$ cat query-v9.cif   # mmCIF, C-alpha atoms
data_upload
#
loop_
_atom_site.label_atom_id
_atom_site.label_comp_id
_atom_site.auth_asym_id
_atom_site.auth_seq_id
_atom_site.Cartn_x
_atom_site.Cartn_y
_atom_site.Cartn_z
CA MET A 1 6.88 -11.71 18.26
CA THR A 2 6.12 -8.23 17.13
CA LYS A 3 4.95 -5.45 19.40
CA THR A 4 3.07 -2.32 18.50
CA LEU A 5 5.17 0.68 19.42
CA PHE A 6 4.02 4.08 20.63
CA LEU A 7 6.14 7.22 20.91
CA ASP A 8 6.69 6.39 24.59
CA ASP A 9 8.30 3.06 23.63
CA LEU A 10 10.88 4.61 21.34
CA ALA A 11 14.27 6.03 22.31
CA VAL A 12 17.26 7.46 20.49
CA GLY A 13 19.75 4.74 19.62
CA GLN A 14 17.25 1.90 19.28
CA ARG A 15 17.94 -0.29 16.28
CA PHE A 16 15.63 -2.46 14.24
CA ALA A 17 16.01 -4.46 11.05
CA SER A 18 13.81 -5.75 8.29
CA THR A 19 12.80 -9.33 8.94
CA THR A 20 12.56 -10.24 5.26
CA SER A 21 14.65 -9.47 2.21
CA VAL A 22 13.79 -8.99 -1.44
CA THR A 23 15.74 -9.97 -4.54
CA LEU A 24 15.20 -7.96 -7.73
CA THR A 25 15.36 -9.54 -11.15
CA GLU A 26 16.21 -7.73 -14.36
CA ALA A 27 12.56 -8.20 -15.38
CA ASP A 28 11.34 -6.55 -12.13
CA ILE A 29 13.60 -3.54 -12.72
CA ILE A 30 12.45 -3.13 -16.32
CA ALA A 31 8.74 -3.56 -15.48
CA TYR A 32 8.82 -0.93 -12.72
CA ALA A 33 10.81 1.50 -14.86
CA LYS A 34 8.58 1.11 -17.91
CA GLN A 35 5.69 2.26 -15.75
CA PHE A 36 7.31 5.00 -13.70
CA ASP A 37 10.83 5.88 -14.86
CA PRO A 38 11.24 4.90 -18.52
CA GLN A 39 14.85 5.83 -19.14
CA PRO A 40 17.30 3.56 -21.05
CA PHE A 41 19.52 2.85 -18.01
CA HIS A 42 16.45 1.44 -16.22
CA THR A 43 14.69 -0.31 -19.14
CA ASP A 44 17.29 -1.50 -21.68
CA PRO A 45 20.25 -3.64 -20.52
CA GLU A 46 22.16 -3.07 -23.78
CA ALA A 47 21.63 0.68 -24.01
CA ALA A 48 22.37 1.00 -20.28
CA LYS A 49 26.01 -0.03 -20.87
CA SER A 50 26.92 3.30 -22.46
CA THR A 51 25.19 5.44 -19.80
CA PHE A 52 26.28 6.96 -16.48
CA PHE A 53 25.34 3.68 -14.75
CA GLY A 54 27.40 1.42 -17.06
CA GLY A 55 24.65 -1.19 -16.99
CA LEU A 56 21.06 -1.75 -15.96
CA ALA A 57 20.15 -0.10 -12.64
CA ALA A 58 16.84 0.03 -10.79
CA SER A 59 15.03 3.35 -10.59
CA GLY A 60 15.75 4.94 -7.22
CA TRP A 61 11.98 5.00 -6.68
CA HIS A 62 11.91 1.24 -7.14
CA THR A 63 14.53 0.87 -4.42
CA ALA A 64 12.46 3.25 -2.26
CA ALA A 65 9.25 1.31 -2.88
CA LEU A 66 10.88 -2.02 -2.02
CA SER A 67 12.43 -0.49 1.10
CA MET A 68 8.95 0.65 2.15
CA ARG A 69 7.61 -2.86 1.64
CA LEU A 70 10.41 -4.27 3.80
CA LEU A 71 9.49 -1.76 6.53
CA VAL A 72 5.81 -2.71 6.47
CA ASP A 73 6.78 -6.39 6.67
CA SER A 74 9.34 -5.78 9.44
CA SER A 75 9.06 -6.14 13.21
CA LEU A 76 9.06 -2.35 13.63
CA HIS A 77 5.30 -1.98 14.14
CA ILE A 78 4.41 1.59 14.87
CA ALA A 79 0.94 2.22 16.29
CA GLY A 80 -1.29 3.74 13.61
CA GLY A 81 1.03 2.62 10.83
CA HIS A 82 4.18 3.93 9.16
CA ILE A 83 3.38 7.52 8.28
CA GLY A 84 6.33 9.41 6.83
CA ALA A 85 6.09 13.19 6.75
CA GLY A 86 9.24 13.47 4.67
CA GLY A 87 12.98 13.23 4.87
CA GLU A 88 16.31 13.15 3.13
CA ILE A 89 16.84 10.39 0.60
CA SER A 90 19.94 9.45 -1.36
CA TRP A 91 21.15 6.56 -3.46
CA PRO A 92 24.90 6.21 -2.89
CA ARG A 93 25.11 3.35 -5.40
CA PRO A 94 22.72 1.73 -7.87
CA THR A 95 20.56 -1.32 -7.21
CA ARG A 96 21.43 -3.95 -9.82
CA PRO A 97 19.63 -7.01 -11.20
CA GLY A 98 20.04 -9.89 -8.75
CA ASP A 99 20.64 -7.66 -5.73
CA THR A 100 19.07 -8.78 -2.46
CA LEU A 101 17.93 -5.90 -0.29
CA ARG A 102 17.31 -5.56 3.42
CA VAL A 103 16.98 -2.48 5.64
CA VAL A 104 18.44 -1.49 9.01
CA TYR A 105 16.86 1.27 11.11
CA GLU A 106 18.13 3.48 13.89
CA ILE A 107 16.02 5.93 15.88
CA VAL A 108 17.91 9.24 15.84
CA GLU A 109 15.31 11.58 17.36
CA VAL A 110 12.13 11.28 19.46
CA LYS A 111 10.12 14.47 19.85
CA PRO A 112 6.70 14.77 21.50
CA SER A 113 4.45 17.34 19.81
CA LYS A 114 4.04 20.60 21.73
CA SER A 115 0.60 21.35 20.29
CA ARG A 116 -0.78 17.79 20.07
CA PRO A 117 -0.43 15.75 23.29
CA ASP A 118 -1.61 12.60 21.49
CA ARG A 119 1.33 12.31 19.13
CA GLY A 120 4.94 13.10 18.33
CA MET A 121 7.55 12.77 15.66
CA ILE A 122 10.48 10.41 15.39
CA THR A 123 13.40 10.58 13.02
CA VAL A 124 14.58 7.25 11.69
CA LYS A 125 17.77 6.59 9.75
CA ALA A 126 16.92 3.76 7.35
CA GLU A 127 19.74 2.19 5.37
CA THR A 128 18.85 -0.16 2.54
CA LEU A 129 21.72 -2.60 2.04
CA ASN A 130 22.53 -5.03 -0.75
CA GLN A 131 23.93 -8.55 -0.32
CA ASN A 132 27.46 -7.10 0.06
CA ASP A 133 26.31 -4.82 2.90
CA GLU A 134 26.73 -1.80 0.64
CA VAL A 135 24.26 1.06 1.14
CA VAL A 136 22.04 1.49 -1.94
CA GLN A 137 19.66 3.92 -0.24
CA LEU A 138 19.85 6.15 2.80
CA PHE A 139 16.57 7.64 4.00
CA VAL A 140 16.46 9.81 7.10
CA VAL A 141 12.73 10.14 7.63
CA LYS A 142 10.44 11.94 10.05
CA MET A 143 7.50 9.80 11.06
CA VAL A 144 4.31 10.66 12.93
CA VAL A 145 3.85 8.38 15.96
CA PRO A 146 0.92 8.34 18.41
CA ARG A 147 1.42 8.49 22.17
CA LYS A 148 -0.08 6.00 24.55
CA VAL A 149 -3.51 6.97 25.74
CA SER A 150 -3.21 6.99 29.53
CA MET B 1 9.87 21.45 -29.24
CA THR B 2 12.11 19.93 -26.63
CA LYS B 3 15.81 20.60 -26.36
CA THR B 4 18.46 18.51 -24.67
CA LEU B 5 20.00 20.52 -21.87
CA PHE B 6 23.58 20.44 -20.61
CA LEU B 7 24.88 22.02 -17.40
CA ASP B 8 25.92 25.07 -19.45
CA ASP B 9 22.30 25.63 -20.54
CA LEU B 10 20.93 25.74 -17.00
CA ALA B 11 20.77 28.74 -14.68
CA VAL B 12 19.34 29.48 -11.24
CA GLY B 13 15.75 30.69 -11.49
CA GLN B 14 14.83 28.82 -14.67
CA ARG B 15 11.41 27.23 -14.46
CA PHE B 16 9.99 24.23 -16.25
CA ALA B 17 6.76 22.29 -15.97
CA SER B 18 5.50 18.83 -16.74
CA THR B 19 3.82 18.74 -20.15
CA THR B 20 1.39 15.98 -19.17
CA SER B 21 -0.67 15.23 -16.08
CA VAL B 22 -1.81 12.01 -14.48
CA THR B 23 -5.06 11.19 -12.70
CA LEU B 24 -5.03 8.46 -10.05
CA THR B 25 -7.99 6.20 -9.48
CA GLU B 26 -8.81 4.43 -6.24
CA ALA B 27 -7.87 1.18 -8.00
CA ASP B 28 -4.44 2.58 -8.97
CA ILE B 29 -3.75 3.63 -5.38
CA ILE B 30 -4.75 0.24 -4.00
CA ALA B 31 -2.81 -1.73 -6.62
CA TYR B 32 0.42 0.19 -6.00
CA ALA B 33 0.05 -0.03 -2.23
CA LYS B 34 -0.71 -3.76 -2.23
CA GLN B 35 2.64 -4.30 -3.91
CA PHE B 36 4.82 -1.78 -2.07
CA ASP B 37 3.09 -0.18 0.92
CA PRO B 38 0.31 -2.48 2.15
CA GLN B 39 -1.15 -0.42 4.99
CA PRO B 40 -4.92 0.03 5.52
CA PHE B 41 -4.93 3.77 4.74
CA HIS B 42 -3.49 2.94 1.29
CA THR B 43 -5.36 -0.30 0.51
CA ASP B 44 -8.78 -0.25 2.20
CA PRO B 45 -11.14 2.72 1.66
CA GLU B 46 -13.37 1.68 4.59
CA ALA B 47 -10.60 1.01 7.12
CA ALA B 48 -8.82 4.19 5.97
CA LYS B 49 -11.62 6.35 7.39
CA SER B 50 -10.56 5.74 10.98
CA THR B 51 -6.83 6.35 10.37
CA PHE B 52 -4.59 9.42 10.46
CA PHE B 53 -5.52 10.14 6.82
CA GLY B 54 -9.31 10.00 7.36
CA GLY B 55 -9.76 8.22 4.04
CA LEU B 56 -7.85 6.46 1.31
CA ALA B 57 -4.53 8.13 0.45
CA ALA B 58 -1.85 7.14 -2.04
CA SER B 59 1.47 5.88 -0.72
CA GLY B 60 3.97 8.74 -0.80
CA TRP B 61 6.13 6.47 -2.96
CA HIS B 62 3.31 6.23 -5.46
CA THR B 63 3.18 10.03 -5.66
CA ALA B 64 6.98 10.03 -6.03
CA ALA B 65 6.87 7.41 -8.80
CA LEU B 66 4.19 9.29 -10.74
CA SER B 67 6.11 12.54 -10.30
CA MET B 68 9.16 10.82 -11.80
CA ARG B 69 7.10 9.66 -14.75
CA LEU B 70 5.87 13.21 -15.32
CA LEU B 71 9.49 14.43 -15.30
CA VAL B 72 10.61 11.84 -17.85
CA ASP B 73 7.67 12.80 -20.08
CA SER B 74 8.26 16.54 -19.62
CA SER B 75 10.10 19.05 -21.79
CA LEU B 76 12.98 19.22 -19.29
CA HIS B 77 15.35 16.94 -21.23
CA ILE B 78 18.67 16.70 -19.49
CA ALA B 79 21.55 15.25 -21.49
CA GLY B 80 22.33 11.74 -20.30
CA GLY B 81 18.95 11.42 -18.59
CA HIS B 82 17.45 12.37 -15.24
CA ILE B 83 19.91 11.04 -12.67
CA GLY B 84 19.03 12.00 -9.12
CA ALA B 85 21.75 11.65 -6.49
CA GLY B 86 19.30 12.34 -3.69
CA GLY B 87 17.40 15.11 -2.01
CA GLU B 88 14.80 16.20 0.49
CA ILE B 89 11.30 14.87 -0.02
CA SER B 90 8.10 15.68 1.83
CA TRP B 91 4.40 15.13 1.39
CA PRO B 92 2.59 18.18 2.81
CA ARG B 93 -0.81 16.64 2.06
CA PRO B 94 -2.04 13.29 0.83
CA THR B 95 -2.76 12.34 -2.77
CA ARG B 96 -6.39 11.19 -2.98
CA PRO B 97 -8.37 9.06 -5.45
CA GLY B 98 -9.32 11.19 -8.45
CA ASP B 99 -6.47 13.69 -7.97
CA THR B 100 -4.80 14.96 -11.13
CA LEU B 101 -1.09 15.60 -10.67
CA ARG B 102 1.38 17.81 -12.50
CA VAL B 103 4.85 19.04 -11.52
CA VAL B 104 6.56 22.42 -11.64
CA TYR B 105 10.37 22.71 -11.44
CA GLU B 106 12.72 25.50 -10.53
CA ILE B 107 16.51 25.37 -10.82
CA VAL B 108 17.87 26.54 -7.46
CA GLU B 109 21.57 25.73 -7.86
CA VAL B 110 24.00 25.01 -10.71
CA LYS B 111 27.43 23.78 -9.67
CA PRO B 112 30.18 22.56 -12.01
CA SER B 113 32.22 19.69 -10.56
CA LYS B 114 35.70 20.66 -9.35
CA SER B 115 37.18 17.22 -9.93
CA ARG B 116 35.26 16.21 -13.08
CA PRO B 117 35.31 18.83 -15.86
CA ASP B 118 32.76 16.84 -17.89
CA ARG B 119 29.88 17.20 -15.42
CA GLY B 120 28.25 19.13 -12.63
CA MET B 121 25.34 19.04 -10.24
CA ILE B 122 22.12 20.99 -10.27
CA THR B 123 19.57 21.33 -7.52
CA VAL B 124 15.97 21.33 -8.66
CA LYS B 125 12.93 22.18 -6.56
CA ALA B 126 10.13 19.99 -7.89
CA GLU B 127 6.61 20.60 -6.62
CA THR B 128 3.93 18.05 -7.41
CA LEU B 129 0.55 19.79 -7.45
CA ASN B 130 -2.98 18.47 -7.46
CA GLN B 131 -5.92 19.88 -9.44
CA ASN B 132 -6.43 22.55 -6.74
CA ASP B 133 -2.79 23.70 -7.05
CA GLU B 134 -2.06 22.27 -3.59
CA VAL B 135 1.41 20.80 -3.09
CA VAL B 136 1.21 17.03 -2.48
CA GLN B 137 4.96 16.48 -2.77
CA LEU B 138 7.99 18.70 -2.53
CA PHE B 139 11.27 17.22 -3.72
CA VAL B 140 14.46 19.27 -3.69
CA VAL B 141 16.79 17.03 -5.63
CA LYS B 142 20.43 17.09 -6.68
CA MET B 143 20.91 15.81 -10.22
CA VAL B 144 24.06 14.90 -12.14
CA VAL B 145 24.25 16.83 -15.44
CA PRO B 146 26.93 16.53 -18.15
CA ARG B 147 28.72 19.57 -19.56
CA LYS B 148 28.95 20.33 -23.24
CA VAL B 149 31.97 18.76 -24.91
CA SER B 150 33.79 21.69 -26.53
#

$ encode --input "query-v9.cif" --output "C-alpha cells"
Amino acid sequence: MTKTLFLDDLAVGQRFASTTSVTLTEADIIAYAKQFDPQPFHTDPEAAKSTFFGGLAASGWHTAALSMRLLVDSSLHIAGGHIGAGGEISWPRPTRPGDTLRVVYEIVEVKPSKSRPDRGMITVKAETLNQNDEVVQLFVVKMVVPRKVS
Amino acid sequence: MTKTLFLDDLAVGQRFASTTSVTLTEADIIAYAKQFDPQPFHTDPEAAKSTFFGGLAASGWHTAALSMRLLVDSSLHIAGGHIGAGGEISWPRPTRPGDTLRVVYEIVEVKPSKSRPDRGMITVKAETLNQNDEVVQLFVVKMVVPRKVS
C-alpha cells in the first residue's frame, strides 16, 4: 500500500526504492537520441564503437527521464507530487542496450521553510542502478514538499 | 561556419549560443510527460491549475532534453561529441506551453587531465532561456574534451 507523504512524515536516513524496473532496448536508446541527443554514440551502434563510449550508450537525459518515470511509479508518494527544484546529477557509467534500471532513494535532508509555513524542502539521494547493481546515474535533488495542514 | 573544438581551443570566459530555438506546444509537453513524468501538472491542463505550478508546465527533464538538442544543433562543436560527466541542474521557473527556448553557454573552467594527456575537462554554464530572456534551466556541466594530437 502506498501512503501520501508530507514533510512531517519524512526524516533523514529513510530509504525507499522504485517498485518497478525498466529495460531499455537498442531501439529505445536510438529513438530517444534521434529526438533529443542525436550524436553517433547514442544513435549508431557501428559508429559508436570508435567513440569515447566504445559502443552504443543511452543519452544521460534518457537515463534521467526513465529514472523520473520510476520515481512517479514508485511507492514514494509525496503530497502535491514530485517537484524537483534542482540538484547535482552525474552518470558514473553509461546505460547500455538491454540494461534493466531501478532506483534507490535516501532522504539526506529535511528542512522546513522559514518564510512559508506550509512547505519545506527535502534533499533526496537517488541512485539509478543497472542489473549488476552498478550506479548509472546519481541525482542528489532538492524537492519541494508540503507540510500537513493542522 | 562551425569549427570542431579541442581542449586547447577553449578558454575561460568564452561564450557560445544555440543557433536554433525550439517552441513547445501543450501537446509536446503532455506527450513527453505521459511517457516519462506522468504527473497532473505536466499532463492535464485543467488539473494543473490547482497545483504548485498553477497551470501546465513541462517536465524539467523535457526542458533538459530540448536543451541538449539545442546544444547538439549549435555551433559549439566539441571534438568527439558532447559528453557530459555530470553537473548541477536547476529549474528556476517552469517551461510553459508556447515557450520558445534557446541556450547560452559560458566556459567557466578548462582543466587538462593529469593522468590522461589526451583529454581534459571543461565546465560549461548553460542557461536555457525563454522568449522573455528568463532562465528556465541552469546547468553547470563538466564535459570531457579531447586534446589536439600533436

$ resolve_selection --input "query-v9.cif" --expression "the PyMOL selection byres ((chain B) within 10 of (chain A))" --output "PyMOL selection string"
chain B and resi 32-41+50-53+59-62+64-73+80-93+137-142+144+146

$ write_last_selection --input "query-v9.cif" --atoms "C-alpha atoms" --output "tab-separated table (two decimals), in the frame of the given file"
chain	number	residue	atom	x	y	z
B	32	TYR	CA	0.42	0.19	-6.00
B	33	ALA	CA	0.05	-0.03	-2.23
B	34	LYS	CA	-0.71	-3.76	-2.23
B	35	GLN	CA	2.64	-4.30	-3.91
B	36	PHE	CA	4.82	-1.78	-2.07
B	37	ASP	CA	3.09	-0.18	0.92
B	38	PRO	CA	0.31	-2.48	2.15
B	39	GLN	CA	-1.15	-0.42	4.99
B	40	PRO	CA	-4.92	0.03	5.52
B	41	PHE	CA	-4.93	3.77	4.74
B	50	SER	CA	-10.56	5.74	10.98
B	51	THR	CA	-6.83	6.35	10.37
B	52	PHE	CA	-4.59	9.42	10.46
B	53	PHE	CA	-5.52	10.14	6.82
B	59	SER	CA	1.47	5.88	-0.72
B	60	GLY	CA	3.97	8.74	-0.80
B	61	TRP	CA	6.13	6.47	-2.96
B	62	HIS	CA	3.31	6.23	-5.46
B	64	ALA	CA	6.98	10.03	-6.03
B	65	ALA	CA	6.87	7.41	-8.80
B	66	LEU	CA	4.19	9.29	-10.74
B	67	SER	CA	6.11	12.54	-10.30
B	68	MET	CA	9.16	10.82	-11.80
B	69	ARG	CA	7.10	9.66	-14.75
B	70	LEU	CA	5.87	13.21	-15.32
B	71	LEU	CA	9.49	14.43	-15.30
B	72	VAL	CA	10.61	11.84	-17.85
B	73	ASP	CA	7.67	12.80	-20.08
B	80	GLY	CA	22.33	11.74	-20.30
B	81	GLY	CA	18.95	11.42	-18.59
B	82	HIS	CA	17.45	12.37	-15.24
B	83	ILE	CA	19.91	11.04	-12.67
B	84	GLY	CA	19.03	12.00	-9.12
B	85	ALA	CA	21.75	11.65	-6.49
B	86	GLY	CA	19.30	12.34	-3.69
B	87	GLY	CA	17.40	15.11	-2.01
B	88	GLU	CA	14.80	16.20	0.49
B	89	ILE	CA	11.30	14.87	-0.02
B	90	SER	CA	8.10	15.68	1.83
B	91	TRP	CA	4.40	15.13	1.39
B	92	PRO	CA	2.59	18.18	2.81
B	93	ARG	CA	-0.81	16.64	2.06
B	137	GLN	CA	4.96	16.48	-2.77
B	138	LEU	CA	7.99	18.70	-2.53
B	139	PHE	CA	11.27	17.22	-3.72
B	140	VAL	CA	14.46	19.27	-3.69
B	141	VAL	CA	16.79	17.03	-5.63
B	142	LYS	CA	20.43	17.09	-6.68
B	144	VAL	CA	24.06	14.90	-12.14
B	146	PRO	CA	26.93	16.53	-18.15

$ resolve_selection --input "query-v9.cif" --expression "the PyMOL selection byres ((chain A and resi 5) around 9)" --output "MDAnalysis selection string"
chainID A and resid 3:4 6:10 76:79 145:146

$ closest_residue --input "query-v9.cif" --among "A:Gly13, A:Pro112, A:Gly55, A:Gly98" --to "A:Lys125" --atoms "all atoms listed in the file"
A:Gly13

$ atom_distance --input "query-v9.cif" --atom1 "atom CA of A:Glu26" --atom2 "atom CA of A:Pro97"
4.7 Å

$ atom_distance --input "query-v9.cif" --atom1 "atom CA of A:Leu129" --atom2 "atom CA of B:Ala31"
26.0 Å

$ closest_residue --input "query-v9.cif" --among "B:Val136, B:Ala11, B:Ala57, B:Ile122" --to "B:Ala27" --atoms "all atoms listed in the file"
B:Ala57

$ resolve_selection --input "query-v9.cif" --expression "the PyMOL selection byres ((chain A and resi 106) around 10)" --output "compact mmCIF listing (two decimals) with C-alpha atoms, in the coordinates of the input"
# COMPACT_ATOMS: atom_id res chain seq x y z
CA ALA A 11 14.27 6.03 22.31
CA VAL A 12 17.26 7.46 20.49
CA GLY A 13 19.75 4.74 19.62
CA GLN A 14 17.25 1.90 19.28
CA ARG A 15 17.94 -0.29 16.28
CA PHE A 16 15.63 -2.46 14.24
CA ALA A 17 16.01 -4.46 11.05
CA VAL A 104 18.44 -1.49 9.01
CA TYR A 105 16.86 1.27 11.11
CA ILE A 107 16.02 5.93 15.88
CA VAL A 108 17.91 9.24 15.84
CA GLU A 109 15.31 11.58 17.36
CA THR A 123 13.40 10.58 13.02
CA VAL A 124 14.58 7.25 11.69
CA LYS A 125 17.77 6.59 9.75
CA ALA A 126 16.92 3.76 7.35
CA GLU A 127 19.74 2.19 5.37
CA VAL A 140 16.46 9.81 7.10

$ atom_distance --input "query-v9.cif" --atom1 "atom CA of B:Asp44" --atom2 "atom CA of B:Ile29"
9.9 Å

$ build_atoms --input "query-v9.cif" --residues "stretch 58-86 of chain B" --atoms "N, CA and C atoms" --output "mmCIF file, in the frame of the given file"
data_model
loop_
_atom_site.group_PDB
_atom_site.id
_atom_site.type_symbol
_atom_site.label_atom_id
_atom_site.label_comp_id
_atom_site.auth_asym_id
_atom_site.auth_seq_id
_atom_site.Cartn_x
_atom_site.Cartn_y
_atom_site.Cartn_z
ATOM 1 N N ALA B 58 -2.905 7.856 -1.304
ATOM 2 C CA ALA B 58 -1.850 7.140 -2.040
ATOM 3 C C ALA B 58 -0.599 7.043 -1.176
ATOM 4 N N SER B 59 0.137 5.961 -1.318
ATOM 5 C CA SER B 59 1.470 5.880 -0.720
ATOM 6 C C SER B 59 2.300 7.055 -1.238
ATOM 7 N N GLY B 60 3.081 7.663 -0.359
ATOM 8 C CA GLY B 60 3.970 8.740 -0.800
ATOM 9 C C GLY B 60 4.889 8.280 -1.928
ATOM 10 N N TRP B 61 5.248 7.005 -1.913
ATOM 11 C CA TRP B 61 6.130 6.470 -2.960
ATOM 12 C C TRP B 61 5.424 6.353 -4.293
ATOM 13 N N HIS B 62 4.109 6.239 -4.232
ATOM 14 C CA HIS B 62 3.310 6.230 -5.460
ATOM 15 C C HIS B 62 3.320 7.646 -6.060
ATOM 16 N N THR B 63 3.109 8.631 -5.199
ATOM 17 C CA THR B 63 3.180 10.030 -5.660
ATOM 18 C C THR B 63 4.571 10.322 -6.229
ATOM 19 N N ALA B 64 5.603 9.820 -5.553
ATOM 20 C CA ALA B 64 6.980 10.030 -6.030
ATOM 21 C C ALA B 64 7.204 9.373 -7.393
ATOM 22 N N ALA B 65 6.685 8.153 -7.546
ATOM 23 C CA ALA B 65 6.870 7.410 -8.800
ATOM 24 C C ALA B 65 6.152 8.116 -9.954
ATOM 25 N N LEU B 66 4.942 8.584 -9.694
ATOM 26 C CA LEU B 66 4.190 9.290 -10.740
ATOM 27 C C LEU B 66 4.846 10.635 -11.078
ATOM 28 N N SER B 67 5.407 11.284 -10.062
ATOM 29 C CA SER B 67 6.110 12.540 -10.300
ATOM 30 C C SER B 67 7.336 12.300 -11.186
ATOM 31 N N MET B 68 8.009 11.183 -10.954
ATOM 32 C CA MET B 68 9.160 10.820 -11.800
ATOM 33 C C MET B 68 8.709 10.615 -13.230
ATOM 34 N N ARG B 69 7.607 9.911 -13.409
ATOM 35 C CA ARG B 69 7.100 9.660 -14.750
ATOM 36 C C ARG B 69 6.768 10.977 -15.476
ATOM 37 N N LEU B 70 6.196 11.901 -14.727
ATOM 38 C CA LEU B 70 5.870 13.210 -15.320
ATOM 39 C C LEU B 70 7.142 13.960 -15.724
ATOM 40 N N LEU B 71 8.204 13.795 -14.954
ATOM 41 C CA LEU B 71 9.490 14.430 -15.300
ATOM 42 C C LEU B 71 10.062 13.831 -16.579
ATOM 43 N N VAL B 72 10.056 12.505 -16.663
ATOM 44 C CA VAL B 72 10.610 11.840 -17.850
ATOM 45 C C VAL B 72 9.833 12.254 -19.102
ATOM 46 N N ASP B 73 8.519 12.421 -18.947
ATOM 47 C CA ASP B 73 7.670 12.800 -20.080
ATOM 48 C C ASP B 73 7.654 14.304 -20.354
ATOM 49 N N SER B 74 8.337 15.078 -19.518
ATOM 50 C CA SER B 74 8.260 16.540 -19.620
ATOM 51 C C SER B 74 9.205 17.082 -20.689
ATOM 52 N N SER B 75 9.215 18.409 -20.813
ATOM 53 C CA SER B 75 10.100 19.050 -21.790
ATOM 54 C C SER B 75 11.475 19.358 -21.193
ATOM 55 N N LEU B 76 11.671 19.023 -19.930
ATOM 56 C CA LEU B 76 12.980 19.220 -19.290
ATOM 57 C C LEU B 76 13.857 18.007 -19.639
ATOM 58 N N HIS B 77 14.544 18.083 -20.779
ATOM 59 C CA HIS B 77 15.350 16.940 -21.230
ATOM 60 C C HIS B 77 16.807 17.186 -20.904
ATOM 61 N N ILE B 78 17.273 16.520 -19.882
ATOM 62 C CA ILE B 78 18.670 16.700 -19.490
ATOM 63 C C ILE B 78 19.526 15.670 -20.219
ATOM 64 N N ALA B 79 20.648 16.147 -20.763
ATOM 65 C CA ALA B 79 21.550 15.250 -21.490
ATOM 66 C C ALA B 79 21.969 14.103 -20.585
ATOM 67 N N GLY B 80 21.925 12.900 -21.098
ATOM 68 C CA GLY B 80 22.330 11.740 -20.300
ATOM 69 C C GLY B 80 21.226 11.206 -19.410
ATOM 70 N N GLY B 81 20.085 11.921 -19.365
ATOM 71 C CA GLY B 81 18.950 11.420 -18.590
ATOM 72 C C GLY B 81 18.811 12.102 -17.240
ATOM 73 N N HIS B 82 17.743 11.779 -16.548
ATOM 74 C CA HIS B 82 17.450 12.370 -15.240
ATOM 75 C C HIS B 82 18.053 11.465 -14.175
ATOM 76 N N ILE B 83 19.186 11.879 -13.636
ATOM 77 C CA ILE B 83 19.910 11.040 -12.670
ATOM 78 C C ILE B 83 19.953 11.777 -11.343
ATOM 79 N N GLY B 84 19.108 11.359 -10.422
ATOM 80 C CA GLY B 84 19.030 12.000 -9.120
ATOM 81 C C GLY B 84 20.009 11.357 -8.151
ATOM 82 N N ALA B 85 20.825 12.175 -7.494
ATOM 83 C CA ALA B 85 21.750 11.650 -6.490
ATOM 84 C C ALA B 85 21.040 11.526 -5.140
ATOM 85 N N GLY B 86 20.029 12.356 -4.951
ATOM 86 C CA GLY B 86 19.300 12.340 -3.690
ATOM 87 C C GLY B 86 18.726 13.710 -3.415
#
